[in-house]
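Data block for upload.txt (compact mmCIF, C-alpha atoms):
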# COMPACT_ATOMS: atom_id res chain seq x y z
CA THR A 1 193.22 200.67 195.96
CA PRO A 2 191.52 199.35 192.80
CA GLU A 3 187.76 199.83 192.61
CA PHE A 4 185.81 196.69 191.69
CA SER A 5 182.50 194.89 191.95
CA ALA A 6 181.80 191.20 192.55
CA THR A 7 179.18 188.84 193.97
CA ASP A 8 179.83 186.79 197.09
CA ILE A 9 178.98 183.11 197.54
CA ALA A 10 175.61 184.04 199.07
CA GLY A 11 174.68 186.03 195.96
CA LYS A 12 175.11 189.42 197.65
CA PRO A 13 176.96 192.20 195.81
CA PHE A 14 180.39 193.31 196.99
CA THR A 15 181.29 196.74 195.62
CA TYR A 16 184.29 198.78 196.66
CA THR A 17 184.72 202.45 195.74
CA ARG A 18 187.32 204.80 197.16
CA SER A 19 184.58 207.40 197.75
CA SER A 20 182.67 205.08 200.08
CA GLY A 21 184.67 206.22 203.10
CA LYS A 22 185.07 202.59 204.17
CA VAL A 23 188.25 200.98 205.43
CA LEU A 24 188.95 197.92 203.29
CA MET A 25 190.50 194.59 204.20
CA MET A 26 191.01 192.07 201.40
CA ALA A 27 192.31 188.58 202.22
CA PHE A 28 193.35 186.26 199.38
CA LEU A 29 193.27 182.70 200.70
CA SER A 30 193.50 179.08 199.59
CA SER A 31 191.26 176.42 201.13
CA SER A 32 193.94 173.76 200.53
CA GLN A 33 196.84 175.55 202.20
CA LYS A 34 197.89 175.33 205.86
CA ARG A 35 199.38 178.84 205.79
CA SER A 36 195.99 180.22 204.75
CA GLN A 37 194.39 178.45 207.71
CA LYS A 38 196.94 180.03 210.06
CA ALA A 39 196.39 183.44 208.44
CA LEU A 40 192.63 182.99 208.81
CA GLU A 41 192.99 182.32 212.54
CA ASP A 42 195.07 185.50 212.98
CA ILE A 43 192.64 187.61 210.94
CA LEU A 44 189.56 186.39 212.81
CA ALA A 45 191.32 187.00 216.15
CA THR A 46 192.09 190.56 215.07
CA LEU A 47 188.51 191.17 213.92
CA SER A 48 187.16 189.93 217.25
CA ASP A 49 189.12 192.70 219.01
CA ILE A 50 187.50 195.51 217.00
CA PRO A 51 184.71 197.44 218.79
CA ALA A 52 181.26 197.10 217.23
CA ASP A 53 181.00 200.81 216.37
CA LYS A 54 184.29 200.64 214.43
CA LEU A 55 183.22 197.53 212.51
CA LYS A 56 180.56 199.64 210.79
CA SER A 57 183.34 201.49 208.98
CA LEU A 58 185.01 198.30 207.75
CA GLN A 59 184.46 196.39 204.50
CA ILE A 60 185.92 192.85 204.46
CA GLY A 61 186.36 190.60 201.45
CA PHE A 62 187.86 187.10 201.50
CA VAL A 63 188.77 186.07 197.95
CA MET A 64 189.23 182.38 197.03
CA GLN A 65 189.38 180.22 193.91
CA ASN A 66 187.90 177.10 195.49
CA VAL A 67 184.76 177.87 197.46
CA ASP A 68 183.54 174.25 197.43
CA ASN A 69 185.50 173.34 200.56
CA LYS A 70 182.58 173.54 202.99
CA ALA A 71 184.73 172.93 206.07
CA PHE A 72 187.02 175.86 205.24
CA ILE A 73 184.07 178.13 204.41
CA ALA A 74 182.46 177.18 207.74
CA SER A 75 185.69 178.01 209.59
CA ILE A 76 185.59 181.49 208.04
CA GLN A 77 181.94 182.11 208.83
CA LYS A 78 182.15 180.84 212.42
CA GLY A 79 182.21 183.90 214.64
CA ALA A 80 183.00 186.27 211.75
CA PRO A 81 181.42 189.76 211.69
CA SER A 82 178.48 190.30 209.33
CA GLN A 83 180.64 192.64 207.21
CA LEU A 84 182.77 189.71 206.05
CA GLN A 85 181.90 188.45 202.57
CA ILE A 86 183.43 185.43 200.82
CA ILE A 87 184.00 185.90 197.10
CA GLY A 88 184.70 183.15 194.60
CA ASP A 89 187.34 184.03 192.02
CA ALA A 90 187.89 180.90 189.96
CA GLN A 91 189.30 182.86 187.00
CA TYR A 92 191.70 184.95 189.13
CA LYS A 93 190.11 188.19 187.88
CA ILE A 94 190.11 189.90 191.27
CA TRP A 95 193.59 188.52 191.95
CA GLY A 96 194.70 190.09 188.68
CA THR A 97 193.03 193.43 189.49
CA PHE A 98 195.00 193.62 192.72
CA GLY A 99 198.20 192.12 191.28
CA VAL A 100 198.26 189.37 193.91
CA ILE A 101 200.57 186.41 193.22
CA ALA A 102 201.13 184.95 196.73
CA THR A 103 198.82 183.02 199.05
CA PRO A 104 197.83 184.14 201.59
CA THR A 105 197.94 187.90 200.98
CA VAL A 106 196.19 190.62 203.00
CA LEU A 107 195.65 194.18 201.78
CA ILE A 108 194.44 196.99 204.01
CA SER A 109 193.55 200.49 202.85
CA ASP A 110 192.26 203.49 204.77
CA ALA A 111 188.98 205.39 204.39
CA LYS A 112 190.45 207.46 201.55
CA GLY A 113 191.46 204.39 199.54
CA LYS A 114 195.18 204.67 200.28
CA VAL A 115 196.95 201.34 200.65
CA LEU A 116 198.50 201.07 204.11
CA CYS A 117 199.68 197.49 203.96
CA VAL A 118 200.19 194.57 201.62
CA LYS A 119 201.22 191.49 203.56
CA PRO A 120 202.04 188.44 201.40
CA GLY A 121 202.67 185.05 202.97
CA HIS A 122 202.24 183.96 206.58
CA ALA A 123 205.27 184.54 208.78
CA TYR A 124 206.00 185.48 212.40
CA ASP A 125 205.08 189.12 211.83
CA PHE A 126 201.77 188.48 210.03
CA ALA A 127 199.46 189.02 213.01
CA PRO A 128 201.09 192.21 214.39
CA VAL A 129 201.33 193.80 210.93
CA VAL A 130 197.70 193.08 210.03
CA LYS A 131 196.38 194.14 213.43
CA SER A 132 198.44 197.33 213.72
CA ARG A 133 197.57 198.48 210.19
CA LEU A 134 193.88 197.66 210.56
CA PHE A 135 193.70 199.47 213.90
CA GLN A 136 195.55 202.41 212.34
CA ALA A 137 193.02 202.59 209.49
CA LEU A 138 190.10 202.46 211.95
CA SER A 139 191.73 204.96 214.38
CA ILE A 140 191.84 202.43 217.22
CA PRO A 141 194.70 202.80 219.75
CA TYR A 142 197.17 199.92 219.65
CA ASP A 143 200.34 199.32 221.64
CA VAL A 144 202.42 198.38 218.57
CA SER A 145 203.31 201.11 216.08
CA PRO A 146 202.44 200.13 212.47
CA ASP A 147 205.88 201.27 211.35
CA GLU A 148 207.56 199.04 213.91
CA ALA A 149 205.41 195.94 213.32
CA SER A 150 207.37 195.04 210.21
CA THR A 151 209.18 196.53 207.26
CA VAL A 152 206.23 195.94 204.92
CA LYS A 153 206.23 198.25 201.92
CA THR A 154 203.00 199.72 200.56
CA VAL A 155 202.01 199.58 196.91
CA THR A 156 203.09 202.85 195.30
CA ASN A 157 203.95 201.90 191.74
CA SER A 158 200.76 202.52 189.76
CA THR A 159 202.36 203.29 186.40
CA VAL A 160 201.01 201.68 183.21
CA PRO A 161 204.03 199.33 182.80
CA ALA A 162 203.78 198.29 186.47
CA LYS A 163 200.07 197.46 186.16
CA ALA A 164 200.68 195.48 182.97
CA LYS A 165 203.59 193.62 184.56
CA ARG A 166 201.42 192.49 187.48
CA HIS A 167 198.92 190.96 185.04
CA LEU A 168 201.80 189.37 183.15
CA GLN A 169 203.15 187.82 186.37
CA MET A 170 199.70 186.42 187.10
CA ALA A 171 199.53 185.01 183.55
CA LYS A 172 202.84 183.20 184.01
CA MET A 173 201.72 181.77 187.34
CA LEU A 174 198.43 180.55 185.87
CA PHE A 175 200.18 179.04 182.87
CA GLY A 176 202.54 177.17 185.18
CA THR A 177 199.55 175.54 186.88
CA GLY A 178 197.98 174.52 183.58
CA ARG A 179 195.25 177.19 183.55
CA ILE A 180 195.86 178.16 179.93
CA SER A 181 192.63 180.07 179.25
CA SER A 182 192.94 182.09 182.49
CA ALA A 183 196.60 182.80 181.70
CA LEU A 184 195.61 184.12 178.27
CA GLU A 185 192.98 186.38 179.84
CA GLN A 186 195.55 187.93 182.18
CA ALA A 187 198.13 188.37 179.40
CA GLN A 188 195.49 189.96 177.16
CA MET A 189 194.57 192.35 179.98
CA ALA A 190 198.25 193.29 180.25
CA GLN A 191 198.40 193.90 176.50
CA LYS A 192 195.30 196.13 176.64
CA ILE A 193 196.85 198.17 179.47
CA ASP A 194 200.20 198.58 177.68
CA PRO A 195 199.67 197.77 173.98
CA HIS A 196 203.02 199.23 172.93
CA SER A 197 205.11 197.06 175.27
CA THR A 198 207.31 194.61 173.37
CA GLU A 199 207.74 192.40 176.44
CA VAL A 200 204.01 192.09 177.06
CA THR A 201 203.17 191.44 173.40
CA VAL A 202 205.87 188.79 172.96
CA GLU A 203 204.84 187.04 176.20
CA LEU A 204 201.22 187.03 175.03
CA GLY A 205 202.34 185.72 171.65
CA GLU A 206 204.21 182.87 173.32
CA LEU A 207 201.15 181.92 175.36
CA LEU A 208 199.01 181.97 172.22
CA CYS A 209 201.48 179.60 170.54
CA GLN A 210 201.36 177.27 173.54
CA ALA A 211 197.55 177.35 173.31
CA GLY A 212 197.67 176.35 169.63
CA GLN A 213 196.92 179.82 168.28
CA ALA A 214 200.15 180.42 166.36
CA GLN A 215 198.57 182.45 163.55
CA GLU A 216 197.01 184.83 166.06
CA ALA A 217 200.39 185.14 167.80
CA LEU A 218 202.17 186.02 164.53
CA LYS A 219 199.50 188.56 163.65
CA LEU A 220 199.78 190.19 167.08
CA VAL A 221 203.57 190.45 167.09
CA SER A 222 203.74 191.57 163.44
CA ALA A 223 201.49 194.53 164.24
CA LEU A 224 203.85 195.75 166.98
CA SER A 225 206.00 198.76 166.14
CA ALA A 226 209.19 198.59 168.22
CA GLN A 227 211.22 201.77 168.71
CA ARG A 228 214.38 200.56 170.44
CA ASN A 229 216.96 198.30 168.84
CA ARG A 230 216.75 195.81 171.72
CA ASP A 231 212.98 195.55 171.30
CA LYS A 232 213.34 195.09 167.53

I'd like the structure from this file rewritten - as structure tokens, please.
Amino acid sequence: TPEFSATDIAGKPFTYTRSSGKVLMMAFLSSSQKRSQKALEDILATLSDIPADKLKSLQIGFVMQNVDNKAFIASIQKGAPSQLQIIGDAQYKIWGTFGVIATPTVLISDAKGKVLCVKPGHAYDFAPVVKSRLFQALSIPYDVSPDEASTVKTVTNSTVPAKAKRHLQMAKMLFGTGRISSALEQAQMAQKIDPHSTEVTVELGELLCQAGQAQEALKLVSALSAQRNRDK
């Protein structure tokens, strides 16, 4: 699980480190989406079933772009445990760190920082997957086996190209919604991670052209040294 630091909407720090020994739940939600509302209801129901002594070992972050929707924020805070922190992420930086491109998405990792579950979207198996994996991470008995709750795959590809590609996917999504500056930030992060990738550099160059920075795009691509004929 990526380590990161942020500040929640109340001004309190939210810092996650793999050495903390905490179980982590991250929920990426949208205040304008019905599926996020349904996911929120399932998550809060699951959290209400966790014994108080186990909650002490849990760190919960809800990440959103729009934190101005007071009704949605209130629905999160109503009856939520004190461990739950709401984090604003208007520039998609935390989304990019985690490689999240779907809303809602829930990530759960154990006390050693190993990802147990990444659940994108809200479907029929959302609640059992989230609950079984969270109970597994907290060592709470549950009548549904995590492996039988769904066929959710964990994140295992942590190679440099894979990390860069996740930022590139986020850049394309942001660009498609008109967030040009945020898209450039994500593409530039991808290029920093994998500076020798032809695909990443050309995609960044294209975004720069779209943003009216053609000279910078030409300079960037001209400096690239391609090795394979296809890349050339």

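Here atom CA of A:Asp89 stands at a distance of 13.9 Å from atom CA of A:Ala183.
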
Any chance you could tabulate, as a Markdown table, the residues of stretch 73-152 of chain A at most 6 Å from stretch 59-63 of chain A with each one's nearest atom pair and distance in Å to one decimal, using only C-alpha atoms, in chain and rising number order?
| residue | atom | partner | partner_atom | distance |
| --- | --- | --- | --- | --- |
| A:Gln83 | CA | A:Ile60 | CA | 6.0 |
| A:Leu84 | CA | A:Ile60 | CA | 4.7 |
| A:Gln85 | CA | A:Gly61 | CA | 5.1 |
| A:Ile86 | CA | A:Phe62 | CA | 4.8 |
| A:Ile87 | CA | A:Val63 | CA | 4.8 |

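The closest residue to A:Gln33, picked from A:Lys192, A:Lys12, A:His122, A:Lys172 and counting all atoms listed in the file, is A:His122.
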
Requested in this report: Could you check which of A:His196, A:Lys112, A:Arg166, A:Lys56 is closest to A:Gln227, using all atoms listed in the file?
Outcome: A:His196

**Report entry** For A:Tyr92: contacts at 9 Å, only C-alpha atoms, fewer than 2 positions along chain excluded, given as a PyMOL selection string
**Finding:** chain A and resi 64-65+89-90+94-97+170+174+182+186

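If you measure from each of A:Ser132, A:Ser145, A:Ser31, A:Thr198 to A:Pro161 using only C-alpha atoms, the closest one turns out to be A:Thr198.
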
Report task. Find the residues around A:Thr201 up to 8 Å (all atoms listed in the file counted), leave out those fewer than 2 positions away in its own chain, and share them as a PyMOL selection string. Result -> chain A and resi 191+195-199+203-205+220-221+224

Report task. Would you list the contacts of A:Ala123 as an MDAnalysis selection string, taking every protein, DNA or RNA residue within 9 Å and counting only C-alpha atoms, but skipping same-chain residues closer than 3 positions in sequence? Result -> chainID A and resid 35 39 120 126:127

Query - Option closest in space to A:Lys34, from A:Thr103, A:Ser222, A:Thr46, A:Thr159 [counting only C-alpha atoms] - result: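 Under the stated criterion, the closest residue is A:Thr103.
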
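Counting all atoms listed in the file, the residue from A:Pro146, A:Pro13, A:Pro141, A:Gly113 that sits nearest to A:Lys54 is A:Pro141.
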
Report task. Compile the contact shell of A:Glu3 as a list in words: residues with an atom at most 7 Å away, counting only C-alpha atoms, same-chain residues fewer than 3 positions apart removed. Result ->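 Neighbouring residues, sequence-local ones excluded: Tyr16, Thr17 and Arg18 of chain A.
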
Query raised in the report: A:Lys131, A:Val100, A:Thr105, A:Ala10: which is nearest A:Ile43, counting all atoms listed in the file?
Result: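 For A:Ile43, the nearest of the candidates is A:Lys131.
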
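In this model, the gap between atom CA of A:Leu24 and atom CA of A:Glu185 comes to 26.4 Å.
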
Report summary line: Students should find that atom CA of A:Asp8 and atom CA of A:Val129 are spaced 26.5 Å
